[in-house]
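What follows is a set of notes on a single structure, which appears directly below.
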Amino acid sequence: MKIINPIRIRLCAAVNVALRGAIVTPGMIAVSVLLVFTGSATAQNWTQTGAPTNDWQSITTSADGTTLLASAHDVGSIYSSTNSGTNWSVTGAPAGLWYALASSADGKKLLAAGSDYQYLTNGSTIYTLATTAWIYTSTNSGASWTGASSTPINVSWTSAASSADGSKLAVAATSGAIYTSANSGSTWTLRSTPNKQWNSIASSADGTKLVAVAVKGGIYTSANSGVTWTPTDAPSDLWWWAVASSADGRRLVAGAFYNAQATAGGPLYISTNSGAHWLLASVPRNNWASVASSADASTLVAVAAGVMGISKDSGATWTTSNPPSANSAWQCVAASADGNKLFAGVSFGGIYESQTTAAPRLSFTSAGGAFAIAWIIPSMELGLQESLDLSAINWMDVATQPTVTNYQKQVILTPQSGNHFYRLKSY
C-alpha cells in the first residue's frame with residue numbers, strides 16, 4: 001500500500017488550529033489522517049466503452065462515475081450504463097432528438113430535454129420546418145420516464161442542469177427561455193431572463209447557484225436558483241457554447257465555439273468567485289463544444305472537434321489530446337465528482353473513458369462537541385479506517401456509515417479520550 005500526504009492535527013488548548021481544511025477546537029482530541037492507496041496516478045489514457053457507434057450529443061454521469069446517461073441523434077435514443085460504460089442499454093425514454101441530459105449524484109434522478117422537427121405543409125408544395133420540444137424526468141435511472149406538461153413545446157432546448165439530490169432542475173433554450181423546477185420536475189417555472197440565445201446552463205450542488213452562457217450574449221449568474229440573474233464581466237460578443245460549475249458554485253469554466261466574428265475558434269474562461277470576474281485560460285482557442293468539472297474544480301476538461309483539453313490544477317495549466325481516430329470528433333464530455341473518471345462521446349463514433357487513481361483529501365469540521373470527516377464521493381471504493389496507534393499494522397473500519405450530501409461523503413464522530421488516527425483505504 002502507498003501512503004500519500006500524511007496530515008497531523010495537534011490539540012491546542014488556547015486557540016483554534018486549522019490545517020488544510022481540518023479544524024480543532026479547544027478541548028478536542030488530536031486527530032491524524034493518512035490517505036492510503038493501492039496504486040498511484042497514471043497518465044490520461046482513453047479506452048473505448050461498450051457503447052455502440054452513434055452520433056453522441058450529450059453525456060452525464062453519477063458522482064462516482066458508475067451510472068452514465070448518453071443521447072445519440074442518429075437513432076434518437078437515450079442509453080444508460082450502470083457499470084461505468086462496460087455495458088449499455090436503451091432506456092425507456094421516447095425516441096427523439098435529445099440535446100440535454102443531467103443526473104443527480106446517485107444517478108437515480110435524471111433529466112432529459114430535447115426537440116423534434118416536423119415537416120408541415122400549408123396546402124401547397126412548400127414545407128415549413130417546425131419544432132416540438134419536451135422535457136422528461138426519471139426517478140429510477142432511466143427505466144421509466146415522465147413527461148413535463150407545464151413547459152413550452154415550441155422552443156429548442158440546449159442544456160440541462162441538476163442539483164446533487166435531483167430536486168432542483170434547470171433547462172435553457174436558444175429561444176431565450178430558462179425554466180427551473182424545485183420539485184424534481186413535477187412543475188416548472190419560467191424565469192425572467194434577458195432574451196438571449198442560451199446555449200448551456202450549470203448548477204451548484206445545492207441548486208442555489210446557476211450559471212448560463214449565451215451565443216453573443218455573455219455569461220449570467222443567479223444566486224437564488226434562477227429567480228434573478230446578473231450579467232458578469234465575461235466578454236459579451238463571443239459565441240459562448242458550454243459552461244460547468246464546481247459543487248459550491250464558486251469555480252466555473254466556460255467555453256466559446258467561435259470568436260466574435262465567427263471566423264475562428266473561441267477561448268476558454270475561468271472564474272474563481274462565482275462568475276463575478278472571469279480570466280482567460282491558457283489553452284489555445286478552438287471550437288469548444290462541451291466542458292466538465294470535478295466537484296472541487298481541480299479537474300477541468302473541455303472538448304472540441306479535433307482536440308481535448310484537460311487541467312488537473314483548476315485551470316492553471318492544460319494538456320491536450322487528439323480524438324481516438326482521424327475521422328472522429330469529440331462532441332460531449334462528463335466527469336465524476338473526484339475528476340478521476342472522465343467520459344467523452346464522439347460524433348458518429350463511440351464513447352470513451354479515462355480513469356486515474358483516486359487521491360481524495362479529507363476535510364474536518366467541528367460543531368456541538370462532535371467532528372465530521374468528509375471527502376468527495378470517490379470514483380473507486382474507499383473506506384474510512386481508524387487506529388489508536390499511527391504505526392499500527394491492523395487498522396479497524398469505522399463502524400459509522402457515511403452520509404452523502406452535495407457530492408461529499410461525511411462521517412460524524414464523537415471525540416474520545418486519547419489519540420485517534422483516521423485514514424482512507426482503497427479496496
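Here's how to read the names in the C-alpha cells: chain A, B, ... by the order shown, residue numbers from 1 in each chain, ligand numbers from 1 in the order shown.
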Residues near Ser379 of chain A, cut-off 7 Å, only C-alpha atoms, skip fewer than 6 positions along chain, as a PyMOL selection string: chain A and resi 64-65+336+338+340-341+358
Include C-alpha atoms and write out the residues we just selected as a CSV table (one decimal), in the first residue's frame.
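Result file is again11.csv:
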```csv
chain,number,residue,atom,x,y,z
A,64,ASP,CA,-18.9,8.0,-8.6
A,65,GLY,CA,-18.8,7.6,-12.4
A,336,SER,CA,-17.1,12.1,-11.9
A,338,ASP,CA,-13.5,13.4,-8.0
A,340,ASN,CA,-10.7,10.7,-11.9
A,341,LYS,CA,-13.3,9.2,-14.3
A,358,ALA,CA,-8.4,8.5,-6.9
```
Residues within 8 Å of Ala63 of chain A, please, as a list in words. Count only C-alpha atoms; anything in the same chain fewer than 3 positions from it doesn't count. Thr66, Ser104, Ala105, Asp106, Gly107, Ser336, Ala337, Asp338, Ile377, Pro378, Ser379 and Tyr407 of chain A
Saved selection, atoms kept: C-alpha atoms, as a compact mmCIF listing (two decimals), in the first residue's frame:
```txt
# COMPACT_ATOMS: atom_id res chain seq x y z
CA THR A 66 -20.75 4.32 -12.30
CA SER A 104 -28.39 13.53 -9.58
CA ALA A 105 -25.32 12.46 -7.62
CA ASP A 106 -26.62 8.90 -7.13
CA GLY A 107 -27.63 8.53 -10.77
CA SER A 336 -17.05 12.08 -11.92
CA ALA A 337 -17.15 14.12 -8.73
CA ASP A 338 -13.49 13.44 -7.96
CA ILE A 377 -17.51 10.96 -3.49
CA PRO A 378 -14.73 8.85 -4.99
CA SER A 379 -14.68 7.03 -8.32
CA TYR A 407 -21.08 15.32 -3.75
```
Determine, for each residue of segment 250-338 of chain A having at least one atom at most 8 Å from an atom of segment 211-229 of chain A, the closest pair of atoms and their separation in Å to one decimal, counting only C-alpha atoms; order by chain and ascending number, as JSON lines.
```
{"residue": "A:Ala254", "atom": "CA", "partner": "A:Val213", "partner_atom": "CA", "distance": 7.8}
{"residue": "A:Ala260", "atom": "CA", "partner": "A:Lys216", "partner_atom": "CA", "distance": 7.2}
{"residue": "A:Ser274", "atom": "CA", "partner": "A:Thr221", "partner_atom": "CA", "distance": 7.7}
{"residue": "A:Gly275", "atom": "CA", "partner": "A:Thr221", "partner_atom": "CA", "distance": 6.7}
```
Residue with smallest distance to Phe348 of chain A - pool A:Lys196, A:Lys409, A:His73, A:Arg285, counting only C-alpha atoms: A:His73
Within 8 Å of segment 193-195 of chain A, counting only C-alpha atoms, which residues qualify if same-chain residues fewer than 2 places away don't, as an mmCIF file with C-alpha atoms, in the first residue's frame?
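Saved to selection_25.cif:
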```
data_model
loop_
_atom_site.group_PDB
_atom_site.id
_atom_site.type_symbol
_atom_site.label_atom_id
_atom_site.label_comp_id
_atom_site.auth_asym_id
_atom_site.auth_seq_id
_atom_site.Cartn_x
_atom_site.Cartn_y
_atom_site.Cartn_z
ATOM 1 C CA SER A 175 -35.252 30.968 -27.815
ATOM 2 C CA GLY A 176 -34.392 32.911 -24.645
ATOM 3 C CA ALA A 177 -36.206 30.757 -22.090
ATOM 4 C CA ILE A 178 -34.805 29.368 -18.854
ATOM 5 C CA ARG A 191 -37.716 32.685 -15.152
ATOM 6 C CA GLN A 197 -29.738 32.525 -27.151
ATOM 7 C CA THR A 228 -32.959 36.742 -10.620
ATOM 8 C CA TRP A 229 -29.954 36.906 -12.959
#
```
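Our summary of the geometry notes that atom CA of Ser62 of chain A is positioned 12.8 Å from atom CA of Ala161 of chain A.
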Close residues, segment 50-57 of chain A itself excluded, 8 Å, only C-alpha atoms, min 5 positions apart in chain, as an mmCIF file with C-alpha atoms, in the first residue's frame:
```cif
data_model
loop_
_atom_site.group_PDB
_atom_site.id
_atom_site.type_symbol
_atom_site.label_atom_id
_atom_site.label_comp_id
_atom_site.auth_asym_id
_atom_site.auth_seq_id
_atom_site.Cartn_x
_atom_site.Cartn_y
_atom_site.Cartn_z
ATOM 1 C CA ALA A 70 -25.931 9.441 -23.069
ATOM 2 C CA SER A 71 -28.049 10.563 -26.013
ATOM 3 C CA ALA A 72 -27.500 9.935 -29.706
ATOM 4 C CA HIS A 73 -29.094 11.729 -32.630
ATOM 5 C CA ASP A 74 -28.826 9.169 -35.394
ATOM 6 C CA VAL A 75 -31.175 6.778 -33.574
ATOM 7 C CA GLY A 85 -19.696 2.141 -19.632
ATOM 8 C CA THR A 86 -18.897 -1.546 -19.916
ATOM 9 C CA ASN A 87 -22.466 -2.354 -20.951
ATOM 10 C CA TRP A 88 -25.126 -0.058 -22.370
ATOM 11 C CA TRP A 98 -32.257 14.646 -27.090
ATOM 12 C CA TYR A 99 -29.880 17.581 -26.698
ATOM 13 C CA GLN A 331 -18.692 16.094 -29.027
ATOM 14 C CA CYS A 332 -19.554 15.842 -25.313
ATOM 15 C CA GLY A 345 -18.530 10.900 -26.746
ATOM 16 C CA VAL A 346 -17.620 11.423 -30.371
ATOM 17 C CA SER A 347 -19.889 12.229 -33.277
ATOM 18 C CA PHE A 348 -20.584 9.133 -35.356
ATOM 19 C CA GLY A 349 -18.319 7.115 -33.097
ATOM 20 C CA GLY A 350 -18.137 5.636 -29.615
ATOM 21 C CA ILE A 351 -17.958 6.757 -26.002
#
```
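A straight line drawn from atom CA of Pro402 of chain A to atom CA of His420 of chain A is 17.9 Å long.
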Name the residues in contact with Tyr352 of chain A at a cut-off of 6 Å, using only C-alpha atoms, excluding same-chain residues fewer than 4 positions from it; report them as a list in words.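 Contacts, in chain order: Thr47, Gln48, Thr49, Phe343 and Ala344 of chain A.
The interatomic distance for the pair atom CA of Asp237 of chain A and atom CA of Ser192 of chain A works out to 21.7 Å.
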Restricting to only C-alpha atoms, whichever of A:Gln355, A:Thr174, A:Ser77, A:Ser298 is closest to Ser159 of chain A is A:Thr174
At a cut-off of 8 Å, using only C-alpha atoms, what residues contact Phe257 of chain A? Leave out same-chain residues fewer than 5 positions from it and give the result as a PyMOL selection string. chain A and resi 238-241+265-267+286-289
Written selection (N, CA and C atoms) as a short mmCIF file (atom, residue, chain, number, x, y, z; two decimals), in the first residue's frame:
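File selection03.cif, as written:
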```cif
data_model
loop_
_atom_site.label_atom_id
_atom_site.label_comp_id
_atom_site.auth_asym_id
_atom_site.auth_seq_id
_atom_site.Cartn_x
_atom_site.Cartn_y
_atom_site.Cartn_z
N LEU A 238 -18.74 36.88 -27.71
CA LEU A 238 -18.29 35.55 -28.11
C LEU A 238 -19.47 34.61 -28.29
N TRP A 239 -19.27 33.56 -29.06
CA TRP A 239 -20.27 32.53 -29.25
C TRP A 239 -20.14 31.51 -28.11
N TRP A 240 -20.60 31.91 -26.91
CA TRP A 240 -20.50 31.03 -25.75
C TRP A 240 -21.31 29.76 -25.99
N TRP A 241 -20.69 28.60 -25.67
CA TRP A 241 -21.29 27.33 -26.05
C TRP A 241 -21.46 26.36 -24.88
N GLY A 265 -11.96 29.79 -33.86
CA GLY A 265 -12.41 29.21 -32.60
C GLY A 265 -12.39 30.21 -31.47
N GLY A 266 -13.07 29.85 -30.38
CA GLY A 266 -13.17 30.73 -29.23
C GLY A 266 -12.27 30.29 -28.09
N PRO A 267 -12.23 31.07 -27.02
CA PRO A 267 -11.37 30.77 -25.87
C PRO A 267 -12.11 30.01 -24.79
N ASN A 286 -10.32 27.26 -29.74
CA ASN A 286 -10.84 26.18 -30.56
C ASN A 286 -12.36 26.27 -30.57
N ASN A 287 -13.00 25.34 -31.26
CA ASN A 287 -14.46 25.29 -31.29
C ASN A 287 -14.95 24.45 -30.12
N TRP A 288 -14.90 25.03 -28.90
CA TRP A 288 -15.21 24.28 -27.69
C TRP A 288 -16.70 23.95 -27.65
N ALA A 289 -17.00 22.65 -27.59
CA ALA A 289 -18.39 22.19 -27.66
C ALA A 289 -18.96 21.76 -26.32
#
```
Find the spatial neighbours of Thr151 of chain A, counting only C-alpha atoms, within a cut-off of 12 Å - ignore same-chain residues fewer than 4 positions away - and output them as a VMD selection string. chain A and resid 113 to 114 132 to 136 147 155 to 157 170 to 173 177 to 181 185 to 191
